[in-house]
Amino acid sequence: MGKNHSKGSGGSNLASMNKSNEKSIHEMLKNTPSMNDSTDVVHSGSEQQTIKHSTTLTLRNVSNHSLTSPTSVSLEDESAYIKNGSSKLDTFRNWSITTYKCTKQIMLEKLGKSTRTVDLELEAQIDQLKETQKKYLSILRLSRAFTSHFYNCMQTQSLLSETFADLAQKSPELQEEFLRNAETQRILTKNGELLLNALNFFISSINTLCNKTIEDTLLTIRQYELARVEYDAYRVDMEQQRTGGANEPQQKYSNDEVQKKYEKCKDQYEKLRSDIVVKMQFLEENRIKVMHKQLLLFHNAIAAYFAGNANGLEKTLQQFNISLKSPNSVTTSWLEQ
C-alpha cells in the first residue's frame, strides 16, 4: 500500500511540473515580439525598453566647411585656363602681326619701295652723337693702353732703384753713382704713382661718359627708331586701307582698328622723339663740362710729370680732388683705423 501511494504521489508531481513548464513557455511566447516589431523595439519580461534606430546620417559642422561640387571646381579651373590661354594667344597674335609689319617695312625701305618718316635735324644729331661715342671709346682704349704701359714702366723703375741701392752697398768704389741713380729712380716711381692716380681718374670719368651717360641716350634712340618703324608700318597700312589696297590677311582690319593702332604708334613715336631731344640737350651740356675738366687734368698731370715738377703734379691732383693712393697699397681694416 505504501508503495502504491508513493507512486501515485510521484505521478501527480510530474504532471504539475509539466503544466508549470507549459505555462512558462506559453508566457514567453506571448511576450515575444513579432517579426515586424523586432527591428524597432526589444521587450524584456513585462517591462518594455524601446530602442530607436536612426535611419539617417547626421553631418556635423556643415556650416564650418563649405562643400563644393567637384564638377563646379573643374568647370571654374577649365574656364580660367581657357581665359588665360586665350589672352596669351591674343598677345602672341598681336606680337606676330606687329613683327611682320615692322620687318616688311624695313625690307621695303631698303629696297626703296616704301617711304619713311625722317627728321633731318634730329637724324644729324643722332649720327653726330654716335660718331662722338666712337671717338671717345678710342680715347678710352688708348688711355688704358698708355696706363698699362706706364704701370709696367713704374714697376721696372722700382726694381732698378732697389738694384742700384743693393749694388751701392756691395760696391764701395761706385757707391755714390749707384746711390744717385737709385734716388732718381725712386723719385720717378713716386711721381709716377701720382700720375697713375690722375690717369685712373681720367679713365674712370671717360668710361662713365661713354658706357653709361651716352649709352643711356643711345638706348632711348634705339627705342625711338623701333617706334618710328612701327609707326611707318601702320601709317602705310592705314593708307592702304583708305585706298583699298589691303590684300593681306594681316591688314584686313576695320577702319576704326587701323586708326586706333596708328594713333597709338604715332603718340609713342612723338613721345620718344621729345624724350630724345631733351636727353641730347642735357647730354651735350654734361659732355662739354666733363670733357673740359678731364682734358685739363690730363694735360696738367702729363706736363708736370715729364717736366719733373713734383709740386705741380701734387697741386694738380689736389685741384681735382683726387686722392693720393698707391697702386700697391692695401686698404686697412676698420679695426686698424
# chains A, B, ... in the order shown; residues from 1 in each chain; ligands from 1

$ residues_around --residues "Ala301 in chain A" --least-positions-apart "5" --cutoff "8 Å" --atoms "only C-alpha atoms" --output "PDB file with C-alpha atoms, in the first residue's frame"
ATOM      1  CA  LEU A 195     100.454 110.409 -62.414  1.00  0.00           C
ATOM      2  CA  ALA A 198      95.432 111.027 -62.357  1.00  0.00           C
ATOM      3  CA  LEU A 313     101.733 117.351 -60.096  1.00  0.00           C
ATOM      4  CA  THR A 316      97.001 119.244 -59.980  1.00  0.00           C
ATOM      5  CA  LEU A 317      95.690 116.232 -58.079  1.00  0.00           C
TER       6      LEU A 317
END

$ residues_around --residues "range 104-109 of chain A" --least-positions-apart "5" --cutoff "12 Å" --atoms "only C-alpha atoms" --output "PyMOL selection string"
chain A and resi 97-99+114-117+225-226+228-237+250

$ residues_around --residues "Ile322 in chain A" --least-positions-apart "3" --cutoff "10 Å" --atoms "only C-alpha atoms" --output "PyMOL selection string"
chain A and resi 194+197-198+200-201+314+316-319+325

$ residues_around --residues "Thr184 in chain A" --least-positions-apart "5" --cutoff "9 Å" --atoms "only C-alpha atoms" --output "list in words"
Ser161, Leu179 and Thr189 of chain A

$ write_last_selection --atoms "all heavy atoms" --output "CSV table (one decimal), in the first residue's frame"
chain,number,residue,atom,x,y,z
A,161,SER,N,115.6,100.9,-58.9
A,161,SER,CA,116.0,101.6,-57.7
A,161,SER,C,116.5,100.6,-56.6
A,161,SER,O,117.5,100.9,-56.0
A,161,SER,CB,114.8,102.4,-57.2
A,161,SER,OG,115.1,103.0,-56.0
A,179,LEU,N,124.0,105.2,-55.7
A,179,LEU,CA,123.0,105.8,-54.9
A,179,LEU,C,122.3,107.0,-55.6
A,179,LEU,O,121.1,107.2,-55.4
A,179,LEU,CB,123.7,106.4,-53.6
A,179,LEU,CG,124.2,105.4,-52.6
A,179,LEU,CD1,124.9,106.0,-51.4
A,179,LEU,CD2,123.0,104.6,-52.0
A,189,THR,N,109.5,106.9,-59.5
A,189,THR,CA,108.5,105.9,-59.2
A,189,THR,C,107.4,106.6,-58.3
A,189,THR,O,106.2,106.4,-58.5
A,189,THR,CB,109.1,104.8,-58.4
A,189,THR,OG1,110.1,104.1,-59.2
A,189,THR,CG2,108.0,103.8,-58.0

$ closest_residue --among "A:Trp95, A:Tyr224, A:Tyr305, A:Phe150" --to "Leu122 in chain A" --atoms "only C-alpha atoms"
A:Tyr224

$ atom_distance --atom1 "CA of Tyr269 in chain A" --atom2 "CA of Ala227 in chain A"
5.3 Å
